[in-house]
Structures are given as C-alpha cells and as structure tokens.
Amino acid sequence: MSTITTEALSATTLLRFATAGSVDDGKSTLVGRLLHDSKSVLADQLEAVERASASRGQDGPDLALLTDGLRAEREQGITIDVAYRYFATPRRRFILADTPGHVQYTRNMVTGASTAELTVVLVDARNGVVEQTRRHAAIAALLRVPHVVLAVNKMDLVGYEENVFAAIAEEFTAYATELGVPEVTAIPISALVGDNVVEPSANMDWYGGPTVLEHLETVPVSHDLTHCHARLPVQYVIRPQTAEHPDYRGYAGQIAAGTFRVGEQVTVLPSGRTTTISGIDLLGEPVDVAWTAQSVTVLLADDIDVSRGDLIVPTKDAPATTQDVEATVCHVADAALTVGHRVLLKHGTRTVKAIVKDIPSRLTLDDLSLHPHPGQLVANDIGRVKIRTAEPLPVDSYADSRRTGSFILIDPADGTTLTAGMVGESFAAPIPVKDAADDDGWDF
C-alpha cells in the first residue's frame, strides 16, 4: 500500500461517494479494481482474496471479493448489504459505499447515497439503460446528489465500440436531466481488465476524458455548510450538579449546519422561546464560535425549558413549525405504507407520533410521471405523502438542507424503519402528473 503522510492527508479533501447499478453490472469488481490499482489494498487482504478465488477455481483474484464480505454475497455472487470502504490517494480521501444492485435491496442504495456527494451508476454496455438504472438515477436525483458518474462497464465485451458507449450515455443523460440531476459525467470502462478505472485505456483511443479515479480526485466538493441555515438539534442536557459546577446547564449536540456565536440571539423550537447564547464549550474548552459538524455544548443566558429533540436556531433565521408535513419518500419496508397508517416520525433528535393522511402520487419510472392517489406505497416505491404529526416540528425543505429536511417513518410496534422522507419538492425538475384514466397499474 502506498505511504501517505499524516500531513498530506490533513491537506486533502474528503469525498463521500456511492456506487449503484443493476445486478451483475460489475459494481463490486469496479470497487475492487479501484482499490487494487490505486494500491489501497493491504497485502494480507489481497492474499485472502487470491486464496478464496483459487478455491473457487478461478485463474486470477476476484477483486469483487474485496467488498462482498458476507457469506451469502460470496455464494450468490451479488451484493446484499452496503459495504463501506475507506481509502486515500495523495490528492483526496474517500469514503465509498458499495450498494446492492438487486431490486429487492434498493432500500440499501438509499442508505448508501443519503450522505454521498457523488454517485457512480454502472451500466452493462451489452444491456444499456435498464429499469434499475432509471431507479438509481431517480434516487440520486431525489437525494440531491450533486454529481453523477455514468460508468459504462464491460466495454471489452462490445469490442470497445464508441457508438455503443455514445448511445448509452445520451439516453442516460437525457433521463437524468429530466429528473433535475445537475451534472452527469459518462466514462467508458472495463472493471475486469482495468480500462479507464485508474489508468487510461489503450483500447479506447477515441475517449479523451478522465479515468474514474481522476474524476473522483478532481470533482469539486464543497463541505462549507457554515453559511447555511444554522441548526443545532439538542441531543442531551448536561447538568452535573457538582461542587465545581453547581449551576451548570448545557445543551449538547452536533451542529447540523451553519455557525453559532456567543452573544447571538437564538430561538428554541418548537416552543418558540427566545434567549441568548452565553457560552459554547467544545471538547471541554470555551470557544466563541462553533460551526457545522462540531459536537458542542451550548449554554443559554435564560433558564428556559430545553430538552432532547428541541432545535436551537438563530432567531433571525428560524424555520416555521408545522404539524402538516408534505414530502417525497422512498418506501423501504416490505409491508406497504397506506393512508391512515399510524407511525413514528423521527426528525433529527426528535421522535413524534404521526399519521399518514394522504398519498397523493407515486413516481412511474418508465415515463417519469406521477400516478395519482395510488392508495399505498410498497417496497422501493417513490412517492409523495402528506403526514400529520401529533406535535409541531421545525422542518426545512430538503432542497435547503439535507440534514434538517429529512426524516424517517418508524413502525411503532417493532421499531422497523418504514420510509425515508425528504421534505418539500425534492426533485429539482417538475414531474408531470399522469391522468388516472391512462394508468395501467403498478410499474414495479
């Protein structure tokens, strides 16, 4: 493995990205090739893969085994769970989520892509854009992933023909653009032999763009959320009541977005009470300013009622509270979500009782239209819902904040996650509503 100094790592940026694609498109092989050719695989890991590959009668190492770690994954040759891998090059650090391609595990793709800044969608050059490709593009658009890479894989099996690649790239880009995906970069590759993964391919001299790794290293990534709407979900109230700190009362949590300063006027939601920040403790030391992703304890000037689940925000930039939440959701549970369904809604650190009042529409992936009033959402469905909560919630639009504009619905009986939701109109592009008379039933 290449040696990268601590100083070099501290100077590089971090990119979170996810892979997606249909079954047997080669996601795990691509990830394995990426790790292997970038010299990010330890010697003992490679030896274990070589032994496992030899025991299965394969001539060379099956690089997909670097990520397919579950026994069932290796036996079936598919990815079932999200596999996270961490690696680095001299130019950038990476957190990679290898997500499943099977329709049954689409919910796992939602998990892996929910924090990603880039998604790599693989397509088998022999099959082109298929239904699962469209589903993954829709999820990337729904989750507002800013960068999408179309990796047209197995180009070696179509003779490295440029026209095959161009046709697939054109079809996918047009579809993704309709969904509002802001940027699509198409790259022809062969993950099995390494064409255009880390090193440029000698077999496709007609392609002059970057390799997959070059694009991952150079795509612009912005982690500067300090200028976003400042939000601090309260996770824990700290009250030691010791001789050293007899009157200490602090409100601890991780800053979801924005910046907080001592002396700033803030409002605690949903109560709406207003006060001033009298102090901020970071790692046990007082600071004047704290910003996004820092875990802090905030002290307030007034003794007001604040508990877990409350949200501290600047008074001049406070979101509205509501008991009626409209959102785009991806249903991830096997049991259907129906109108009248009683659920728990978890938003940030707050969990409240809620009821599904309406399901206005469900997305049809084939023609990107909305099927009106389907009555229910089944596993892997994407649709619109209206939810009434028992208590008011301070929610942002998902378009403004991926952290405070998202929520999950939970089954109160057994704690199962039912649905992942994005508040507001999550797709950047408008989606037409289909005439109910023209609808021929479920599309998946």
# chains A, B, ... in the order shown; residues from 1 in each chain; ligands from 1
call {"tool": "closest_atom_pairs", "arguments": {"of": "region 232-336 of chain A", "to": "region 140-149 of chain A", "cutoff": "12 Å", "atoms": "only C-alpha atoms", "output": "tab-separated table"}}
result
residue	atom	partner	partner_atom	distance
A:Ala327	CA	A:Leu142	CA	10.9
A:Thr328	CA	A:Leu142	CA	7.9
A:Val329	CA	A:Leu142	CA	8.6
A:Cys330	CA	A:Leu142	CA	8.9
call {"tool": "write_last_selection", "arguments": {"atoms": "all heavy atoms", "output": "compact mmCIF listing (two decimals), in the first residue's frame"}}
result
# COMPACT_ATOMS: atom_id res chain seq x y z
N ALA A 327 -43.99 15.59 1.77
CA ALA A 327 -42.64 15.14 1.45
C ALA A 327 -42.66 14.13 0.31
O ALA A 327 -43.67 13.50 0.02
CB ALA A 327 -41.99 14.51 2.68
N THR A 328 -41.51 13.99 -0.32
CA THR A 328 -41.25 12.90 -1.25
C THR A 328 -40.54 11.81 -0.46
O THR A 328 -39.61 12.10 0.29
CB THR A 328 -40.38 13.35 -2.43
OG1 THR A 328 -41.02 14.44 -3.09
CG2 THR A 328 -40.17 12.22 -3.41
N VAL A 329 -40.98 10.57 -0.61
CA VAL A 329 -40.43 9.49 0.20
C VAL A 329 -40.02 8.31 -0.67
O VAL A 329 -40.51 8.13 -1.80
CB VAL A 329 -41.44 9.01 1.27
CG1 VAL A 329 -41.87 10.16 2.17
CG2 VAL A 329 -42.65 8.35 0.62
N CYS A 330 -39.12 7.51 -0.12
CA CYS A 330 -38.79 6.20 -0.69
C CYS A 330 -39.17 5.17 0.37
O CYS A 330 -38.63 5.19 1.48
CB CYS A 330 -37.31 6.12 -1.03
SG CYS A 330 -36.84 4.51 -1.75
call {"tool": "residues_around", "arguments": {"residues": "Asp195 (chain A)", "least_positions_apart": "6", "cutoff": "10 Å", "atoms": "only C-alpha atoms", "output": "PyMOL selection string"}}
result
chain A and resi 33+153-156+188-189+201-204+211-212
call {"tool": "closest_residue", "arguments": {"among": "A:Ala335, A:Arg135, A:Leu216, A:Ile168", "to": "Arg93 (chain A)", "atoms": "only C-alpha atoms"}}
result
A:Leu216
call {"tool": "select_by_dssp", "arguments": {"residues": "region 159-214 of chain A", "states": "alpha helix (DSSP H)", "output": "NGL selection string"}}
result
:A and (162-179 or 212-214)
call {"tool": "write_last_selection", "arguments": {"atoms": "N, CA and C atoms", "output": "compact mmCIF listing (two decimals), in the first residue's frame"}}
result
# COMPACT_ATOMS: atom_id res chain seq x y z
N GLU A 162 -17.22 2.81 -29.84
CA GLU A 162 -17.57 4.15 -29.38
C GLU A 162 -19.07 4.41 -29.51
N ASN A 163 -19.69 3.91 -30.60
CA ASN A 163 -21.11 4.20 -30.82
C ASN A 163 -21.99 3.55 -29.75
N VAL A 164 -21.56 2.39 -29.21
CA VAL A 164 -22.32 1.75 -28.13
C VAL A 164 -22.29 2.63 -26.89
N PHE A 165 -21.11 3.10 -26.55
CA PHE A 165 -20.97 3.99 -25.40
C PHE A 165 -21.76 5.27 -25.60
N ALA A 166 -21.66 5.88 -26.77
CA ALA A 166 -22.31 7.17 -27.02
C ALA A 166 -23.82 7.07 -26.91
N ALA A 167 -24.40 5.97 -27.40
CA ALA A 167 -25.85 5.80 -27.35
C ALA A 167 -26.34 5.66 -25.91
N ILE A 168 -25.61 4.88 -25.10
CA ILE A 168 -26.00 4.70 -23.70
C ILE A 168 -25.85 6.01 -22.93
N ALA A 169 -24.74 6.72 -23.16
CA ALA A 169 -24.50 7.98 -22.47
C ALA A 169 -25.58 9.01 -22.80
N GLU A 170 -25.99 9.05 -24.07
CA GLU A 170 -27.01 10.02 -24.48
C GLU A 170 -28.36 9.70 -23.83
N GLU A 171 -28.73 8.41 -23.81
CA GLU A 171 -30.02 8.02 -23.23
C GLU A 171 -30.05 8.31 -21.73
N PHE A 172 -29.00 7.93 -21.02
CA PHE A 172 -28.98 8.13 -19.57
C PHE A 172 -28.95 9.61 -19.22
N THR A 173 -28.14 10.38 -19.92
CA THR A 173 -28.02 11.81 -19.62
C THR A 173 -29.35 12.53 -19.82
N ALA A 174 -30.07 12.17 -20.88
CA ALA A 174 -31.37 12.78 -21.13
C ALA A 174 -32.35 12.45 -20.01
N TYR A 175 -32.35 11.21 -19.56
CA TYR A 175 -33.23 10.78 -18.48
C TYR A 175 -32.89 11.49 -17.18
N ALA A 176 -31.60 11.52 -16.84
CA ALA A 176 -31.17 12.15 -15.59
C ALA A 176 -31.45 13.65 -15.59
N THR A 177 -31.29 14.27 -16.74
CA THR A 177 -31.55 15.70 -16.85
C THR A 177 -33.02 16.02 -16.61
N GLU A 178 -33.91 15.13 -17.10
CA GLU A 178 -35.35 15.30 -16.85
C GLU A 178 -35.65 15.27 -15.35
N LEU A 179 -34.88 14.48 -14.61
CA LEU A 179 -35.08 14.38 -13.17
C LEU A 179 -34.46 15.56 -12.41
N VAL A 212 -11.93 6.98 -14.03
CA VAL A 212 -12.82 7.08 -12.88
C VAL A 212 -12.09 7.72 -11.70
N LEU A 213 -10.86 7.25 -11.40
CA LEU A 213 -10.13 7.80 -10.26
C LEU A 213 -9.76 9.27 -10.48
N GLU A 214 -9.38 9.61 -11.71
CA GLU A 214 -9.05 11.02 -11.97
C GLU A 214 -10.25 11.92 -11.71
call {"tool": "atom_distance", "arguments": {"atom1": "CA of Asn380 (chain A)", "atom2": "CA of Ala138 (chain A)"}}
result
11.4 Å
call {"tool": "atom_distance", "arguments": {"atom1": "CA of Ala191 (chain A)", "atom2": "CA of Val219 (chain A)"}}
result
20.5 Å
call {"tool": "atom_distance", "arguments": {"atom1": "CA of Ile312 (chain A)", "atom2": "CA of Ile280 (chain A)"}}
result
12.9 Å
call {"tool": "residues_around", "arguments": {"residues": "region 236-240 of chain A", "least_positions_apart": "5", "cutoff": "12 Å", "atoms": "only C-alpha atoms", "output": "list in words"}}
result
His245, Pro246, Asp247, Tyr248, Arg249, Gly250, Tyr251, Ala252, Gly253, Gln254, Asp281, Ser295, Val296, Thr297, Val298, Leu299, Leu300, Asp305, Val306, Ser307, Arg308, Gly309, Asp310, Leu311, Thr349 and Arg350 of chain A
call {"tool": "write_last_selection", "arguments": {"atoms": "N, CA, C and O atoms", "output": "short mmCIF file (atom, residue, chain, number, x, y, z; two decimals), in the first residue's frame"}}
result
data_model
loop_
_atom_site.label_atom_id
_atom_site.label_comp_id
_atom_site.auth_asym_id
_atom_site.auth_seq_id
_atom_site.Cartn_x
_atom_site.Cartn_y
_atom_site.Cartn_z
N HIS A 245 -19.40 22.56 39.52
CA HIS A 245 -20.36 23.13 38.56
C HIS A 245 -21.78 23.01 39.15
O HIS A 245 -22.61 22.24 38.65
N PRO A 246 -22.10 23.77 40.17
CA PRO A 246 -23.41 23.62 40.82
C PRO A 246 -24.58 24.07 39.97
O PRO A 246 -25.69 23.55 40.10
N ASP A 247 -24.35 25.07 39.10
CA ASP A 247 -25.46 25.63 38.32
C ASP A 247 -25.31 25.41 36.82
O ASP A 247 -26.00 26.04 36.02
N TYR A 248 -24.39 24.53 36.44
CA TYR A 248 -24.12 24.32 35.02
C TYR A 248 -25.30 23.60 34.36
O TYR A 248 -25.78 22.58 34.83
N ARG A 249 -25.79 24.18 33.26
CA ARG A 249 -26.83 23.53 32.46
C ARG A 249 -26.49 23.78 30.99
O ARG A 249 -26.58 24.92 30.50
N GLY A 250 -26.07 22.75 30.31
CA GLY A 250 -25.68 22.88 28.91
C GLY A 250 -26.50 21.97 28.02
O GLY A 250 -27.05 20.94 28.46
N TYR A 251 -26.59 22.34 26.75
CA TYR A 251 -27.39 21.59 25.79
C TYR A 251 -26.47 21.10 24.69
O TYR A 251 -25.93 21.88 23.89
N ALA A 252 -26.25 19.77 24.66
CA ALA A 252 -25.23 19.18 23.81
C ALA A 252 -25.84 18.62 22.53
O ALA A 252 -26.97 18.12 22.51
N GLY A 253 -25.07 18.69 21.46
CA GLY A 253 -25.48 18.13 20.18
C GLY A 253 -24.45 18.44 19.11
O GLY A 253 -23.50 19.20 19.34
N GLN A 254 -24.66 17.86 17.94
CA GLN A 254 -23.78 18.14 16.80
C GLN A 254 -24.45 19.18 15.90
O GLN A 254 -25.61 19.02 15.52
N ASP A 281 -19.10 25.37 24.75
CA ASP A 281 -17.99 24.51 25.15
C ASP A 281 -17.72 23.50 24.05
O ASP A 281 -18.63 22.83 23.56
N SER A 295 -19.30 18.88 17.55
CA SER A 295 -20.15 18.48 18.67
C SER A 295 -19.85 19.42 19.83
O SER A 295 -18.72 19.48 20.31
N VAL A 296 -20.86 20.16 20.27
CA VAL A 296 -20.65 21.24 21.24
C VAL A 296 -21.69 21.16 22.35
O VAL A 296 -22.69 20.44 22.25
N THR A 297 -21.44 21.93 23.38
CA THR A 297 -22.42 22.17 24.43
C THR A 297 -22.69 23.66 24.49
O THR A 297 -21.76 24.45 24.67
N VAL A 298 -23.94 24.03 24.31
CA VAL A 298 -24.34 25.43 24.29
C VAL A 298 -24.96 25.80 25.63
O VAL A 298 -25.80 25.08 26.17
N LEU A 299 -24.54 26.94 26.18
CA LEU A 299 -25.12 27.48 27.42
C LEU A 299 -25.97 28.68 27.06
O LEU A 299 -25.56 29.52 26.23
N LEU A 300 -27.14 28.78 27.66
CA LEU A 300 -28.07 29.85 27.35
C LEU A 300 -28.18 30.83 28.52
O LEU A 300 -28.05 30.45 29.69
N ASP A 305 -37.03 26.00 29.37
CA ASP A 305 -37.19 24.55 29.25
C ASP A 305 -36.68 24.09 27.89
O ASP A 305 -37.27 24.40 26.85
N VAL A 306 -35.57 23.35 27.89
CA VAL A 306 -34.99 22.78 26.68
C VAL A 306 -34.71 21.31 26.96
O VAL A 306 -34.15 20.97 28.01
N SER A 307 -35.10 20.44 26.03
CA SER A 307 -34.87 19.01 26.23
C SER A 307 -34.46 18.35 24.92
O SER A 307 -34.46 18.99 23.86
N ARG A 308 -34.10 17.07 25.01
CA ARG A 308 -33.73 16.32 23.82
C ARG A 308 -34.83 16.40 22.77
O ARG A 308 -36.03 16.29 23.08
N GLY A 309 -34.42 16.62 21.52
CA GLY A 309 -35.38 16.74 20.44
C GLY A 309 -35.69 18.17 20.05
O GLY A 309 -36.21 18.42 18.96
N ASP A 310 -35.36 19.13 20.93
CA ASP A 310 -35.56 20.54 20.58
C ASP A 310 -34.49 20.98 19.57
O ASP A 310 -33.43 20.34 19.43
N LEU A 311 -34.76 22.07 18.89
CA LEU A 311 -33.85 22.59 17.88
C LEU A 311 -33.50 24.03 18.23
O LEU A 311 -34.39 24.87 18.39
N THR A 349 -33.16 14.77 16.26
CA THR A 349 -33.16 14.04 17.53
C THR A 349 -34.56 13.92 18.13
O THR A 349 -34.70 13.46 19.25
N ARG A 350 -35.56 14.34 17.39
CA ARG A 350 -36.94 14.35 17.91
C ARG A 350 -37.77 13.26 17.24
O ARG A 350 -37.73 13.09 16.02
#
call {"tool": "closest_residue", "arguments": {"among": "A:Ala18, A:Ala318, A:Leu118, A:Cys228", "to": "Ala399 (chain A)", "atoms": "only C-alpha atoms"}}
result
A:Cys228
call {"tool": "residues_around", "arguments": {"residues": "Phe94 (chain A)", "least_positions_apart": "2", "cutoff": "6 Å", "atoms": "only C-alpha atoms", "output": "list in words"}}
result
Leu14, Leu15, Arg16, Tyr86, Phe87 and Ala88 of chain A
call {"tool": "closest_residue", "arguments": {"among": "A:Asp381, A:Asp411, A:Glu161, A:Asp317", "to": "Val110 (chain A)", "atoms": "only C-alpha atoms"}}
result
A:Asp381
call {"tool": "select_by_dssp", "arguments": {"residues": "region 176-402 of chain A", "states": "strand (DSSP E or B)", "output": "PyMOL selection string"}}
result
chain A and resi 184-188+190+195+199+231-233+236-238+250-254+257+259-261+265-269+273-282+285-287+289-291+295-300+311-314+321-331+337-338+342-347+350-364+369-372+376-377+382-394
call {"tool": "closest_residue", "arguments": {"among": "A:Ala20, A:Ile355, A:Arg107, A:Ile277", "to": "Arg134 (chain A)", "atoms": "only C-alpha atoms"}}
result
A:Ala20
call {"tool": "closest_residue", "arguments": {"among": "A:Asp288, A:Asp324, A:Asp414, A:Asp205", "to": "Val343 (chain A)", "atoms": "only C-alpha atoms"}}
result
A:Asp414
call {"tool": "closest_residue", "arguments": {"among": "A:Pro182, A:Pro412, A:Pro372, A:Gly128", "to": "Arg342 (chain A)", "atoms": "only C-alpha atoms"}}
result
A:Pro412
call {"tool": "residues_around", "arguments": {"residues": "Gly421 (chain A)", "least_positions_apart": "3", "cutoff": "12 Å", "atoms": "only C-alpha atoms", "output": "PyMOL selection string"}}
result
chain A and resi 110-111+114+139+142-143+325-332+345-347+381-387+395+397-398+402-410+417-418+424-426
call {"tool": "write_last_selection", "arguments": {"atoms": "C-alpha atoms", "output": "CSV table (one decimal), in the first residue's frame"}}
result
chain,number,residue,atom,x,y,z
A,110,VAL,CA,-30.9,4.9,-0.3
A,111,THR,CA,-28.9,4.4,2.8
A,114,SER,CA,-28.0,9.6,1.5
A,139,ILE,CA,-32.9,8.0,-6.2
A,142,LEU,CA,-34.3,12.5,-5.1
A,143,LEU,CA,-31.4,12.6,-2.6
A,325,VAL,CA,-45.5,17.7,6.6
A,326,GLU,CA,-45.6,17.1,2.8
A,327,ALA,CA,-42.6,15.1,1.4
A,328,THR,CA,-41.2,12.9,-1.2
A,329,VAL,CA,-40.4,9.5,0.2
A,330,CYS,CA,-38.8,6.2,-0.7
A,331,HIS,CA,-40.6,3.3,1.0
A,332,VAL,CA,-38.1,0.8,2.3
A,345,LEU,CA,-41.7,10.3,12.6
A,346,LYS,CA,-38.0,10.8,13.6
A,347,HIS,CA,-36.7,14.2,12.6
A,381,ASP,CA,-41.7,2.8,-4.3
A,382,ILE,CA,-41.0,6.5,-4.6
A,383,GLY,CA,-44.0,8.8,-3.9
A,384,ARG,CA,-45.5,11.9,-2.3
A,385,VAL,CA,-47.1,11.7,1.2
A,386,LYS,CA,-48.9,14.1,3.5
A,387,ILE,CA,-48.3,13.4,7.2
A,395,VAL,CA,-38.6,21.4,9.4
A,397,SER,CA,-37.0,22.0,2.8
A,398,TYR,CA,-34.7,19.1,1.8
A,402,ARG,CA,-30.2,17.5,3.6
A,403,ARG,CA,-29.8,17.2,7.4
A,404,THR,CA,-32.8,19.1,8.7
A,405,GLY,CA,-35.0,18.5,5.7
A,406,SER,CA,-35.0,14.7,6.0
A,407,PHE,CA,-36.8,12.3,8.3
A,408,ILE,CA,-37.7,8.6,8.7
A,409,LEU,CA,-41.0,6.9,9.4
A,410,ILE,CA,-40.9,4.1,12.0
A,417,THR,CA,-37.8,1.7,9.5
A,418,LEU,CA,-40.6,2.1,7.0
A,424,GLY,CA,-40.9,19.6,0.1
A,425,GLU,CA,-40.4,19.2,-3.6
A,426,SER,CA,-37.3,17.1,-3.6
